[in-house]
Amino acid sequence: MMSAELLFKNGKVVTAESTYKADVAVAGGKIVEIGANLKAGAATEVVDCRGKLVLPGAIDAHTHLAMPFGGTVSTDDYEAGTRSAACGGTTTVFDFILQDTGEPFPDAIRRRDKLAAEQAVVDYSFHLAVKDVSGGLLGTMEEAVEMGVPSFKVFMVYDFGVTDGVFYQVLEHSKKIGALIAVHAENNEMVNFLSAKHLAEGNTSAWYHYMSRPEFVEGEADIRAIQWAKSLNAPLYIVHLANEQGALAVTAARDEGYPIFAETCPHYLHFTSDVYKRKDGINFVCSPPIKGKASQNALWEALKRGDIQTVATDHCPFLKSEKKWGAKDFTKIPNGCAGIENMYPYMLSEANRGRISFNKAVEVCSTNVARIFGCDHVKGAVEIGRDADIVVYDPKKRFTITNKAMHGDTDHVIFEGAELKGYPVATYSRGNLVYRDGKFLGSKGAGKFVKCRRIKL
Ligand code: DUC
Ligand code: ZN
Ligand code: ZN
């Protein structure tokens with residue numbers, strides 16, 4: 001064995017498949033050996049992991065950092081967002097780049113990478129949100145794939161959403177170039193109609209955000225998106241799946257053998273639409289909105305069955321003062337919530353309470369994400385040869401989520417007051433300590449771009 005710089009001793013390693021006692025040795029930022037009774041050299045730093053779990057860092061497949069949206073810019077930039085991520089055990093984030101109209105995709109990557117490279121404290125990669133494929137721009141997708149960004153997202157809603165025709169065209173093209181298309185699925189016409197109707201009737205509170213985008217508005221769009229992907233046998237990844245009808249449609253398509261994948265988020269697993277009746281209901285406004293109990297149950301079941309493969313945050317925080325813009329008109333509330341620091345601790349806590357296994361939490365928060373988005377050669381598991389993105393987790397530690405204890409730049413978290421069983425005590429990014437016992441210890445600009453490979457699903 002090459003001399004280890006770092007040795008995680010006496011912990012229990014958790015992978016997507018198994019849990020076992022072993023030491024983990026790290027050199028040059030990589031995991032170089034895993035086994036019993038590994039010896040430390042004179043210069044090896046030993047991390048005592050007795051009674052702890054040794055986990056791969058989470059990979060957040062869905063963030064919106066410093067994103068212009070809803071009349072403002074999301075609160076966390078690449079520095080604050082990745083700092084918060086690190087303190088919640090997330091060691092890689094996939095951020096969405098919103099293409100400018102007329103902008104070639106490689107230019108969009110370069111534009112955002114300038115910011116991320118300078119600011120990120122943990123590793124990052126991107127998905128490209130497609131606005132415009134006219135005038136030869138479709139052809140620039142391939143260069144983006146070659147640059148290491150093989151995943152693209154289309155929105156079926158918002159002013160930057162695409163037409164059905166563009167969605168289909170992009171799906172068709174993705175097969176030729178080894179890309180994966182992700183979709184934000186909601187029926188735009190229905191959202192616009194129902195929003196206008198509720199406002200005209202004087203129904204202006206956050207509850208009517210949910211009533212304008214109820215279960216079927218998302219479910220119908222999921223079914224339509226799946227239908228098109230099936231017709232092309234193109235892989236499709238549904239982001240932030242939040243409803244039962246969609247979960248059943250994904251399950252049916254997968255049972256038929258189609259490469260359809262789905263992600264959900266902790267807020268859909270933890271809360272129900274009742275939050276929109278709360279006094280602070282505006283703070284929970286995101287799209288798709290949080291749905292009813294039947295949908296929540298369906299998401300957990302699909303996750304357990306493997307029909308939902310990933311959990312991500314859709315981290316898109318706004319300040320309370322910005323959320324208040326919509327206190328008297330739900331359509332003026334910037335859509336999005338913070339979550340980047342809560343995802344892994346929440347899923348691991350649910351595992352610790354017995355709802356899922358720790359292996360499942362690792363699978364959906366890390367291993368599957370790396371595999372689906374083409375970075376499993378370096379990320380997503382405690383395995384020899386992969387980056388030493390490691391979380392030391394104490395299953396006995398109790399933790400209450402408060403905004404005060406978070407490390408981002410926002411002023412509230414929707415999980416305020418949630419009690420977790422177990423919490424990460426340390427996070428390492430490529431072998432460098434970035435978080436320990438409540439304190440951020442990383443540095444701005446240390447995060448590196450993760451070059452993803454062509455998608456093979
Ligand atoms: N939904 C949100 O709630 N925020 C960001 C973008 C999105 O689709
Ligand atoms: Zn979305
Ligand atoms: Zn999103």
# chains A, B, ... in the order shown; residues from 1 in each chain; ligands from 1
>>> residues_around(residues="range 429-441 of chain A", least_positions_apart="4", cutoff="9 Å", atoms="only C-alpha atoms", output="PyMOL selection string")
chain A and resi 5-6+26-31+57+83-84+86-89+91-92+121-123+387-391+405-407+424-425+447
>>> residues_near_ligand(ligand="ligand 1", cutoff="7 Å", atoms="only C-alpha atoms and all ligand atoms", output="list in words")
His64, His184, Val285, Cys286, Ser287, Pro288, Asp314, Cys316, Asn335, Gly336 and Cys337 of chain A
>>> closest_residue(among="A:Thr63, A:Thr140, A:Ser195, A:Thr400", to="ligand 2", atoms="only C-alpha atoms and all ligand atoms")
A:Thr63
>>> residues_near_ligand(ligand="ligand 2", cutoff="12 Å", atoms="only C-alpha atoms and all ligand atoms", output="mmCIF file with C-alpha atoms, in the first residue's frame")
data_model
loop_
_atom_site.group_PDB
_atom_site.id
_atom_site.type_symbol
_atom_site.label_atom_id
_atom_site.label_comp_id
_atom_site.auth_asym_id
_atom_site.auth_seq_id
_atom_site.Cartn_x
_atom_site.Cartn_y
_atom_site.Cartn_z
ATOM 1 C CA ALA A 61 -28.207 16.253 -8.004
ATOM 2 C CA HIS A 62 -30.330 19.387 -7.968
ATOM 3 C CA THR A 63 -29.391 22.866 -6.777
ATOM 4 C CA HIS A 64 -30.047 26.439 -7.912
ATOM 5 C CA PHE A 69 -35.486 33.727 -10.517
ATOM 6 C CA ASP A 95 -26.102 23.020 -10.145
ATOM 7 C CA PHE A 96 -28.454 24.118 -12.903
ATOM 8 C CA LEU A 98 -29.961 28.439 -17.147
ATOM 9 C CA ALA A 129 -31.355 24.042 -18.497
ATOM 10 C CA LYS A 153 -33.077 19.897 -18.190
ATOM 11 C CA VAL A 154 -36.242 21.114 -19.813
ATOM 12 C CA PHE A 155 -38.911 23.017 -17.943
ATOM 13 C CA MET A 156 -42.523 22.471 -18.989
ATOM 14 C CA VAL A 157 -43.451 25.577 -16.926
ATOM 15 C CA TYR A 158 -42.210 29.143 -16.287
ATOM 16 C CA PHE A 160 -38.223 29.950 -19.718
ATOM 17 C CA GLY A 161 -40.074 26.659 -20.264
ATOM 18 C CA ALA A 182 -34.251 15.790 -17.089
ATOM 19 C CA VAL A 183 -37.673 17.349 -16.902
ATOM 20 C CA HIS A 184 -39.575 19.648 -14.574
ATOM 21 C CA ALA A 185 -43.035 18.293 -15.315
ATOM 22 C CA GLU A 186 -46.130 20.381 -14.642
ATOM 23 C CA GLU A 218 -47.966 17.378 -12.145
ATOM 24 C CA TYR A 237 -35.031 11.685 -15.528
ATOM 25 C CA ILE A 238 -37.967 13.315 -13.784
ATOM 26 C CA VAL A 239 -36.735 15.865 -11.268
ATOM 27 C CA HIS A 240 -38.447 16.562 -7.952
ATOM 28 C CA LEU A 241 -41.245 14.043 -8.387
ATOM 29 C CA ALA A 242 -43.890 14.912 -5.817
ATOM 30 C CA GLU A 263 -35.795 11.981 -8.149
ATOM 31 C CA THR A 264 -37.711 13.214 -5.151
ATOM 32 C CA CYS A 265 -36.783 15.664 -2.390
ATOM 33 C CA CYS A 286 -41.852 25.775 -4.243
ATOM 34 C CA SER A 287 -42.761 24.132 -7.504
ATOM 35 C CA PRO A 288 -44.016 21.541 -7.771
ATOM 36 C CA PRO A 289 -45.734 22.220 -4.458
ATOM 37 C CA ALA A 312 -31.957 15.708 -4.130
ATOM 38 C CA THR A 313 -32.799 19.076 -2.641
ATOM 39 C CA ASP A 314 -33.904 21.536 -5.357
ATOM 40 C CA HIS A 315 -32.086 23.965 -3.047
ATOM 41 C CA CYS A 316 -33.270 27.430 -4.067
ATOM 42 C CA ASN A 335 -40.527 29.621 -5.699
ATOM 43 C CA GLY A 336 -37.988 27.599 -3.795
ATOM 44 C CA CYS A 337 -36.699 26.544 -0.382
#
>>> residues_around(residues="Ala4 in chain A", least_positions_apart="2", cutoff="8 Å", atoms="only C-alpha atoms", output="PyMOL selection string")
chain A and resi 1-2+6-7+25-27+32+40-41+43-44
>>> closest_residue(among="A:Ala108, A:Ala351, A:Ala338, A:Ala179", to="ligand 3", atoms="only C-alpha atoms and all ligand atoms")
A:Ala338
>>> residues_around(residues="His267 in chain A", least_positions_apart="5", cutoff="9 Å", atoms="only C-alpha atoms", output="PyMOL selection string")
chain A and resi 272+284+290+313+339+343+414-415
>>> write_last_selection(atoms="N, CA, C and O atoms", output="PDB file, in the first residue's frame")
ATOM      1  N   THR A 272     -46.582  17.630   4.202  1.00  0.00           N
ATOM      2  CA  THR A 272     -47.713  17.503   3.264  1.00  0.00           C
ATOM      3  C   THR A 272     -48.209  18.908   2.934  1.00  0.00           C
ATOM      4  O   THR A 272     -47.783  19.899   3.555  1.00  0.00           O
ATOM      5  N   PHE A 284     -42.885  27.828   2.365  1.00  0.00           N
ATOM      6  CA  PHE A 284     -42.846  26.468   1.811  1.00  0.00           C
ATOM      7  C   PHE A 284     -43.173  26.466   0.307  1.00  0.00           C
ATOM      8  O   PHE A 284     -43.256  25.399  -0.309  1.00  0.00           O
ATOM      9  N   ILE A 290     -45.615  20.936  -2.447  1.00  0.00           N
ATOM     10  CA  ILE A 290     -45.695  19.741  -1.607  1.00  0.00           C
ATOM     11  C   ILE A 290     -47.136  19.225  -1.671  1.00  0.00           C
ATOM     12  O   ILE A 290     -48.082  20.009  -1.596  1.00  0.00           O
ATOM     13  N   THR A 313     -32.144  18.032  -3.449  1.00  0.00           N
ATOM     14  CA  THR A 313     -32.799  19.076  -2.641  1.00  0.00           C
ATOM     15  C   THR A 313     -33.648  20.083  -3.402  1.00  0.00           C
ATOM     16  O   THR A 313     -34.549  20.665  -2.837  1.00  0.00           O
ATOM     17  N   GLY A 339     -32.406  23.640   1.473  1.00  0.00           N
ATOM     18  CA  GLY A 339     -32.436  22.221   1.852  1.00  0.00           C
ATOM     19  C   GLY A 339     -31.094  21.527   1.760  1.00  0.00           C
ATOM     20  O   GLY A 339     -30.946  20.380   2.176  1.00  0.00           O
ATOM     21  N   MET A 343     -30.529  17.508   3.567  1.00  0.00           N
ATOM     22  CA  MET A 343     -30.899  16.283   2.843  1.00  0.00           C
ATOM     23  C   MET A 343     -30.293  15.008   3.441  1.00  0.00           C
ATOM     24  O   MET A 343     -31.015  14.081   3.823  1.00  0.00           O
ATOM     25  N   ILE A 414     -37.050  25.437   6.134  1.00  0.00           N
ATOM     26  CA  ILE A 414     -38.388  24.866   6.348  1.00  0.00           C
ATOM     27  C   ILE A 414     -38.358  23.714   7.352  1.00  0.00           C
ATOM     28  O   ILE A 414     -39.377  23.373   7.925  1.00  0.00           O
ATOM     29  N   PHE A 415     -37.185  23.142   7.578  1.00  0.00           N
ATOM     30  CA  PHE A 415     -37.061  22.035   8.539  1.00  0.00           C
ATOM     31  C   PHE A 415     -36.822  22.524   9.969  1.00  0.00           C
ATOM     32  O   PHE A 415     -36.502  21.725  10.846  1.00  0.00           O
TER      33      PHE A 415
END
>>> residues_around(residues="Leu171 in chain A", least_positions_apart="2", cutoff="10 Å", atoms="only C-alpha atoms", output="PDB file with N, CA, C and O atoms, in the first residue's frame")
ATOM      1  N   PHE A 152     -29.101  17.561 -19.374  1.00  0.00           N
ATOM      2  CA  PHE A 152     -29.833  18.776 -19.747  1.00  0.00           C
ATOM      3  C   PHE A 152     -31.217  18.704 -19.114  1.00  0.00           C
ATOM      4  O   PHE A 152     -31.767  17.624 -18.940  1.00  0.00           O
ATOM      5  N   VAL A 154     -35.222  20.268 -19.204  1.00  0.00           N
ATOM      6  CA  VAL A 154     -36.242  21.114 -19.813  1.00  0.00           C
ATOM      7  C   VAL A 154     -37.325  21.395 -18.782  1.00  0.00           C
ATOM      8  O   VAL A 154     -37.673  20.530 -17.978  1.00  0.00           O
ATOM      9  N   GLY A 165     -42.700  20.556 -28.575  1.00  0.00           N
ATOM     10  CA  GLY A 165     -41.878  20.212 -29.743  1.00  0.00           C
ATOM     11  C   GLY A 165     -40.390  20.288 -29.433  1.00  0.00           C
ATOM     12  O   GLY A 165     -39.612  19.407 -29.821  1.00  0.00           O
ATOM     13  N   VAL A 166     -39.989  21.329 -28.725  1.00  0.00           N
ATOM     14  CA  VAL A 166     -38.561  21.465 -28.370  1.00  0.00           C
ATOM     15  C   VAL A 166     -38.159  20.346 -27.416  1.00  0.00           C
ATOM     16  O   VAL A 166     -37.090  19.744 -27.561  1.00  0.00           O
ATOM     17  N   PHE A 167     -39.016  20.041 -26.476  1.00  0.00           N
ATOM     18  CA  PHE A 167     -38.753  18.951 -25.528  1.00  0.00           C
ATOM     19  C   PHE A 167     -38.498  17.650 -26.314  1.00  0.00           C
ATOM     20  O   PHE A 167     -37.501  16.944 -26.095  1.00  0.00           O
ATOM     21  N   TYR A 168     -39.380  17.369 -27.264  1.00  0.00           N
ATOM     22  CA  TYR A 168     -39.261  16.125 -28.031  1.00  0.00           C
ATOM     23  C   TYR A 168     -37.971  16.107 -28.856  1.00  0.00           C
ATOM     24  O   TYR A 168     -37.257  15.101 -28.925  1.00  0.00           O
ATOM     25  N   GLN A 169     -37.682  17.253 -29.440  1.00  0.00           N
ATOM     26  CA  GLN A 169     -36.476  17.381 -30.285  1.00  0.00           C
ATOM     27  C   GLN A 169     -35.206  17.133 -29.443  1.00  0.00           C
ATOM     28  O   GLN A 169     -34.280  16.450 -29.880  1.00  0.00           O
ATOM     29  N   HIS A 173     -32.481  14.121 -29.746  1.00  0.00           N
ATOM     30  CA  HIS A 173     -31.071  14.425 -29.943  1.00  0.00           C
ATOM     31  C   HIS A 173     -30.206  13.802 -28.839  1.00  0.00           C
ATOM     32  O   HIS A 173     -29.073  13.377 -29.093  1.00  0.00           O
ATOM     33  N   SER A 174     -30.757  13.739 -27.640  1.00  0.00           N
ATOM     34  CA  SER A 174     -29.970  13.242 -26.495  1.00  0.00           C
ATOM     35  C   SER A 174     -29.493  11.816 -26.741  1.00  0.00           C
ATOM     36  O   SER A 174     -28.405  11.437 -26.318  1.00  0.00           O
ATOM     37  N   LYS A 175     -30.288  11.042 -27.433  1.00  0.00           N
ATOM     38  CA  LYS A 175     -29.913   9.635 -27.696  1.00  0.00           C
ATOM     39  C   LYS A 175     -28.673   9.557 -28.576  1.00  0.00           C
ATOM     40  O   LYS A 175     -27.836   8.684 -28.427  1.00  0.00           O
ATOM     41  N   LYS A 176     -28.594  10.492 -29.513  1.00  0.00           N
ATOM     42  CA  LYS A 176     -27.470  10.466 -30.467  1.00  0.00           C
ATOM     43  C   LYS A 176     -26.155  10.871 -29.817  1.00  0.00           C
ATOM     44  O   LYS A 176     -25.089  10.469 -30.256  1.00  0.00           O
ATOM     45  N   ALA A 179     -26.525  11.902 -24.041  1.00  0.00           N
ATOM     46  CA  ALA A 179     -26.950  12.833 -22.992  1.00  0.00           C
ATOM     47  C   ALA A 179     -28.189  12.289 -22.284  1.00  0.00           C
ATOM     48  O   ALA A 179     -28.829  11.349 -22.762  1.00  0.00           O
ATOM     49  N   LEU A 180     -28.483  12.887 -21.154  1.00  0.00           N
ATOM     50  CA  LEU A 180     -29.692  12.538 -20.409  1.00  0.00           C
ATOM     51  C   LEU A 180     -30.550  13.796 -20.272  1.00  0.00           C
ATOM     52  O   LEU A 180     -30.040  14.851 -19.906  1.00  0.00           O
ATOM     53  N   ILE A 181     -31.836  13.655 -20.569  1.00  0.00           N
ATOM     54  CA  ILE A 181     -32.740  14.796 -20.403  1.00  0.00           C
ATOM     55  C   ILE A 181     -33.502  14.643 -19.094  1.00  0.00           C
ATOM     56  O   ILE A 181     -34.075  13.598 -18.806  1.00  0.00           O
ATOM     57  N   ALA A 182     -33.470  15.721 -18.324  1.00  0.00           N
ATOM     58  CA  ALA A 182     -34.251  15.790 -17.089  1.00  0.00           C
ATOM     59  C   ALA A 182     -35.414  16.734 -17.342  1.00  0.00           C
ATOM     60  O   ALA A 182     -35.304  17.656 -18.149  1.00  0.00           O
ATOM     61  N   ALA A 225     -44.640  13.358 -20.461  1.00  0.00           N
ATOM     62  CA  ALA A 225     -43.178  13.313 -20.660  1.00  0.00           C
ATOM     63  C   ALA A 225     -42.705  11.870 -20.830  1.00  0.00           C
ATOM     64  O   ALA A 225     -41.886  11.564 -21.704  1.00  0.00           O
ATOM     65  N   TRP A 228     -43.495  10.441 -24.313  1.00  0.00           N
ATOM     66  CA  TRP A 228     -42.575  10.861 -25.392  1.00  0.00           C
ATOM     67  C   TRP A 228     -41.243  10.122 -25.287  1.00  0.00           C
ATOM     68  O   TRP A 228     -40.690   9.693 -26.298  1.00  0.00           O
ATOM     69  N   ALA A 229     -40.749  10.006 -24.065  1.00  0.00           N
ATOM     70  CA  ALA A 229     -39.464   9.294 -23.888  1.00  0.00           C
ATOM     71  C   ALA A 229     -39.610   7.841 -24.326  1.00  0.00           C
ATOM     72  O   ALA A 229     -38.720   7.286 -24.990  1.00  0.00           O
ATOM     73  N   LEU A 232     -39.446   7.184 -28.017  1.00  0.00           N
ATOM     74  CA  LEU A 232     -38.085   7.280 -28.583  1.00  0.00           C
ATOM     75  C   LEU A 232     -37.135   6.276 -27.930  1.00  0.00           C
ATOM     76  O   LEU A 232     -35.975   6.186 -28.323  1.00  0.00           O
ATOM     77  N   ASN A 233     -37.624   5.587 -26.938  1.00  0.00           N
ATOM     78  CA  ASN A 233     -36.778   4.760 -26.054  1.00  0.00           C
ATOM     79  C   ASN A 233     -35.554   5.561 -25.564  1.00  0.00           C
ATOM     80  O   ASN A 233     -34.438   5.063 -25.498  1.00  0.00           O
ATOM     81  N   ALA A 234     -35.821   6.816 -25.240  1.00  0.00           N
ATOM     82  CA  ALA A 234     -34.755   7.701 -24.730  1.00  0.00           C
ATOM     83  C   ALA A 234     -34.822   7.696 -23.204  1.00  0.00           C
ATOM     84  O   ALA A 234     -35.912   7.696 -22.624  1.00  0.00           O
ATOM     85  N   PRO A 235     -33.659   7.697 -22.538  1.00  0.00           N
ATOM     86  CA  PRO A 235     -33.720   7.805 -21.080  1.00  0.00           C
ATOM     87  C   PRO A 235     -34.288   9.159 -20.662  1.00  0.00           C
ATOM     88  O   PRO A 235     -34.063  10.171 -21.346  1.00  0.00           O
ATOM     89  N   LEU A 236     -35.015   9.153 -19.580  1.00  0.00           N
ATOM     90  CA  LEU A 236     -35.618  10.386 -19.065  1.00  0.00           C
ATOM     91  C   LEU A 236     -35.508  10.373 -17.542  1.00  0.00           C
ATOM     92  O   LEU A 236     -35.732   9.341 -16.909  1.00  0.00           O
TER      93      LEU A 236
END
>>> select_by_dssp(residues="range 155-213 of chain A", states="strand (DSSP E)", output="ChimeraX atom specification")
/A:155,180-184
>>> write_last_selection(atoms="C-alpha atoms", output="mmCIF file, in the first residue's frame")
data_model
loop_
_atom_site.group_PDB
_atom_site.id
_atom_site.type_symbol
_atom_site.label_atom_id
_atom_site.label_comp_id
_atom_site.auth_asym_id
_atom_site.auth_seq_id
_atom_site.Cartn_x
_atom_site.Cartn_y
_atom_site.Cartn_z
ATOM 1 C CA PHE A 155 -38.911 23.017 -17.943
ATOM 2 C CA LEU A 180 -29.692 12.538 -20.409
ATOM 3 C CA ILE A 181 -32.740 14.796 -20.403
ATOM 4 C CA ALA A 182 -34.251 15.790 -17.089
ATOM 5 C CA VAL A 183 -37.673 17.349 -16.902
ATOM 6 C CA HIS A 184 -39.575 19.648 -14.574
#
>>> select_by_dssp(residues="range 326-394 of chain A", states="alpha helix (DSSP H)", output="ChimeraX atom specification")
/A:343-352,358-362,368-372
>>> write_last_selection(atoms="N, CA and C atoms", output="mmCIF file, in the first residue's frame")
data_model
loop_
_atom_site.group_PDB
_atom_site.id
_atom_site.type_symbol
_atom_site.label_atom_id
_atom_site.label_comp_id
_atom_site.auth_asym_id
_atom_site.auth_seq_id
_atom_site.Cartn_x
_atom_site.Cartn_y
_atom_site.Cartn_z
ATOM 1 N N MET A 343 -30.529 17.508 3.567
ATOM 2 C CA MET A 343 -30.899 16.283 2.843
ATOM 3 C C MET A 343 -30.293 15.008 3.441
ATOM 4 N N TYR A 344 -28.967 14.967 3.504
ATOM 5 C CA TYR A 344 -28.312 13.724 3.943
ATOM 6 C C TYR A 344 -28.645 13.439 5.410
ATOM 7 N N PRO A 345 -28.523 14.461 6.295
ATOM 8 C CA PRO A 345 -28.889 14.194 7.695
ATOM 9 C C PRO A 345 -30.328 13.703 7.840
ATOM 10 N N TYR A 346 -31.229 14.267 7.060
ATOM 11 C CA TYR A 346 -32.638 13.845 7.163
ATOM 12 C C TYR A 346 -32.814 12.401 6.689
ATOM 13 N N MET A 347 -32.252 12.063 5.549
ATOM 14 C CA MET A 347 -32.421 10.701 5.021
ATOM 15 C C MET A 347 -31.727 9.679 5.922
ATOM 16 N N LEU A 348 -30.575 10.062 6.444
ATOM 17 C CA LEU A 348 -29.862 9.141 7.342
ATOM 18 C C LEU A 348 -30.617 8.974 8.660
ATOM 19 N N SER A 349 -31.234 10.046 9.114
ATOM 20 C CA SER A 349 -32.031 9.964 10.335
ATOM 21 C C SER A 349 -33.234 9.046 10.112
ATOM 22 N N GLU A 350 -33.852 9.152 8.954
ATOM 23 C CA GLU A 350 -34.975 8.251 8.644
ATOM 24 C C GLU A 350 -34.483 6.803 8.615
ATOM 25 N N ALA A 351 -33.259 6.612 8.119
ATOM 26 C CA ALA A 351 -32.676 5.261 8.118
ATOM 27 C C ALA A 351 -32.421 4.801 9.559
ATOM 28 N N ASN A 352 -31.891 5.692 10.350
ATOM 29 C CA ASN A 352 -31.570 5.382 11.746
ATOM 30 C C ASN A 352 -32.833 5.028 12.532
ATOM 31 N N PHE A 358 -29.669 2.107 6.029
ATOM 32 C CA PHE A 358 -28.584 3.053 5.747
ATOM 33 C C PHE A 358 -28.071 2.848 4.322
ATOM 34 N N ASN A 359 -28.089 1.599 3.869
ATOM 35 C CA ASN A 359 -27.629 1.318 2.498
ATOM 36 C C ASN A 359 -28.503 2.067 1.493
ATOM 37 N N LYS A 360 -29.803 2.082 1.760
ATOM 38 C CA LYS A 360 -30.731 2.765 0.850
ATOM 39 C C LYS A 360 -30.461 4.275 0.852
ATOM 40 N N ALA A 361 -30.209 4.826 2.044
ATOM 41 C CA ALA A 361 -29.933 6.267 2.128
ATOM 42 C C ALA A 361 -28.683 6.607 1.316
ATOM 43 N N VAL A 362 -27.665 5.775 1.433
ATOM 44 C CA VAL A 362 -26.421 5.980 0.674
ATOM 45 C C VAL A 362 -26.688 5.822 -0.830
ATOM 46 N N ASN A 368 -26.419 6.140 -6.563
ATOM 47 C CA ASN A 368 -27.239 6.205 -7.786
ATOM 48 C C ASN A 368 -27.043 7.512 -8.543
ATOM 49 N N VAL A 369 -26.838 8.573 -7.803
ATOM 50 C CA VAL A 369 -26.656 9.883 -8.455
ATOM 51 C C VAL A 369 -25.398 9.847 -9.325
ATOM 52 N N ALA A 370 -24.326 9.304 -8.747
ATOM 53 C CA ALA A 370 -23.057 9.213 -9.488
ATOM 54 C C ALA A 370 -23.217 8.340 -10.734
ATOM 55 N N ARG A 371 -23.926 7.247 -10.577
ATOM 56 C CA ARG A 371 -24.104 6.314 -11.705
ATOM 57 C C ARG A 371 -24.961 6.956 -12.807
ATOM 58 N N ILE A 372 -26.074 7.546 -12.418
ATOM 59 C CA ILE A 372 -26.995 8.097 -13.423
ATOM 60 C C ILE A 372 -26.349 9.253 -14.183
#
>>> residues_around(residues="Ile109 in chain A", least_positions_apart="3", cutoff="12 Å", atoms="only C-alpha atoms", output="ChimeraX atom specification")
/A:95-100,103-106,112-117,125-129,140-141,143-152,449,451
>>> residues_around(residues="Lys397 in chain A", least_positions_apart="3", cutoff="6 Å", atoms="only C-alpha atoms", output="number ranges by chain")
A: 394, 422-423
>>> closest_residue(among="A:Asp132, A:Glu419, A:Glu301, A:Glu45", to="Lys9 in chain A", atoms="only C-alpha atoms")
A:Glu45
>>> atom_distance(atom1="CA of Gly71 in chain A", atom2="CA of Gln119 in chain A")
23.5 Å
>>> closest_residue(among="A:Val413, A:Met67, A:Ile223, A:Val250", to="ligand 3", atoms="only C-alpha atoms and all ligand atoms")
A:Met67
>>> decode(residues="range 196-208 of chain A", atoms="N, CA, C and O atoms", output="PDB file, in the first residue's frame")
ATOM      1  N   ALA A 196     -54.899  32.160 -12.304  1.00  0.00           N
ATOM      2  CA  ALA A 196     -55.730  33.334 -12.627  1.00  0.00           C
ATOM      3  C   ALA A 196     -57.121  33.186 -12.006  1.00  0.00           C
ATOM      4  O   ALA A 196     -57.682  34.141 -11.445  1.00  0.00           O
ATOM      5  N   LYS A 197     -57.663  31.991 -12.084  1.00  0.00           N
ATOM      6  CA  LYS A 197     -59.008  31.749 -11.524  1.00  0.00           C
ATOM      7  C   LYS A 197     -59.025  32.015 -10.008  1.00  0.00           C
ATOM      8  O   LYS A 197     -59.890  32.734  -9.519  1.00  0.00           O
ATOM      9  N   HIS A 198     -58.058  31.457  -9.292  1.00  0.00           N
ATOM     10  CA  HIS A 198     -58.054  31.639  -7.832  1.00  0.00           C
ATOM     11  C   HIS A 198     -57.830  33.101  -7.455  1.00  0.00           C
ATOM     12  O   HIS A 198     -58.496  33.621  -6.557  1.00  0.00           O
ATOM     13  N   LEU A 199     -56.946  33.753  -8.165  1.00  0.00           N
ATOM     14  CA  LEU A 199     -56.712  35.175  -7.856  1.00  0.00           C
ATOM     15  C   LEU A 199     -57.976  35.990  -8.113  1.00  0.00           C
ATOM     16  O   LEU A 199     -58.357  36.839  -7.303  1.00  0.00           O
ATOM     17  N   ALA A 200     -58.644  35.711  -9.248  1.00  0.00           N
ATOM     18  CA  ALA A 200     -59.865  36.451  -9.598  1.00  0.00           C
ATOM     19  C   ALA A 200     -60.945  36.241  -8.547  1.00  0.00           C
ATOM     20  O   ALA A 200     -61.783  37.124  -8.314  1.00  0.00           O
ATOM     21  N   GLU A 201     -60.923  35.102  -7.896  1.00  0.00           N
ATOM     22  CA  GLU A 201     -61.925  34.817  -6.859  1.00  0.00           C
ATOM     23  C   GLU A 201     -61.497  35.325  -5.485  1.00  0.00           C
ATOM     24  O   GLU A 201     -62.135  35.041  -4.474  1.00  0.00           O
ATOM     25  N   GLY A 202     -60.380  36.032  -5.464  1.00  0.00           N
ATOM     26  CA  GLY A 202     -59.905  36.623  -4.200  1.00  0.00           C
ATOM     27  C   GLY A 202     -59.172  35.636  -3.310  1.00  0.00           C
ATOM     28  O   GLY A 202     -58.956  35.888  -2.127  1.00  0.00           O
ATOM     29  N   ASN A 203     -58.810  34.494  -3.865  1.00  0.00           N
ATOM     30  CA  ASN A 203     -58.076  33.479  -3.101  1.00  0.00           C
ATOM     31  C   ASN A 203     -56.580  33.661  -3.351  1.00  0.00           C
ATOM     32  O   ASN A 203     -56.063  33.217  -4.375  1.00  0.00           O
ATOM     33  N   THR A 204     -55.923  34.318  -2.418  1.00  0.00           N
ATOM     34  CA  THR A 204     -54.572  34.807  -2.698  1.00  0.00           C
ATOM     35  C   THR A 204     -53.480  34.177  -1.833  1.00  0.00           C
ATOM     36  O   THR A 204     -52.297  34.441  -2.029  1.00  0.00           O
ATOM     37  N   SER A 205     -53.867  33.359  -0.852  1.00  0.00           N
ATOM     38  CA  SER A 205     -52.873  32.854   0.114  1.00  0.00           C
ATOM     39  C   SER A 205     -52.051  31.713  -0.477  1.00  0.00           C
ATOM     40  O   SER A 205     -52.361  31.171  -1.542  1.00  0.00           O
ATOM     41  N   ALA A 206     -51.013  31.322   0.290  1.00  0.00           N
ATOM     42  CA  ALA A 206     -50.103  30.259  -0.167  1.00  0.00           C
ATOM     43  C   ALA A 206     -50.845  28.948  -0.470  1.00  0.00           C
ATOM     44  O   ALA A 206     -50.419  28.169  -1.332  1.00  0.00           O
ATOM     45  N   TRP A 207     -51.945  28.713   0.230  1.00  0.00           N
ATOM     46  CA  TRP A 207     -52.722  27.488  -0.040  1.00  0.00           C
ATOM     47  C   TRP A 207     -53.120  27.410  -1.524  1.00  0.00           C
ATOM     48  O   TRP A 207     -53.162  26.322  -2.107  1.00  0.00           O
ATOM     49  N   TYR A 208     -53.359  28.568  -2.122  1.00  0.00           N
ATOM     50  CA  TYR A 208     -53.801  28.570  -3.536  1.00  0.00           C
ATOM     51  C   TYR A 208     -52.641  28.375  -4.510  1.00  0.00           C
ATOM     52  O   TYR A 208     -52.866  28.112  -5.682  1.00  0.00           O
TER      53      TYR A 208
END
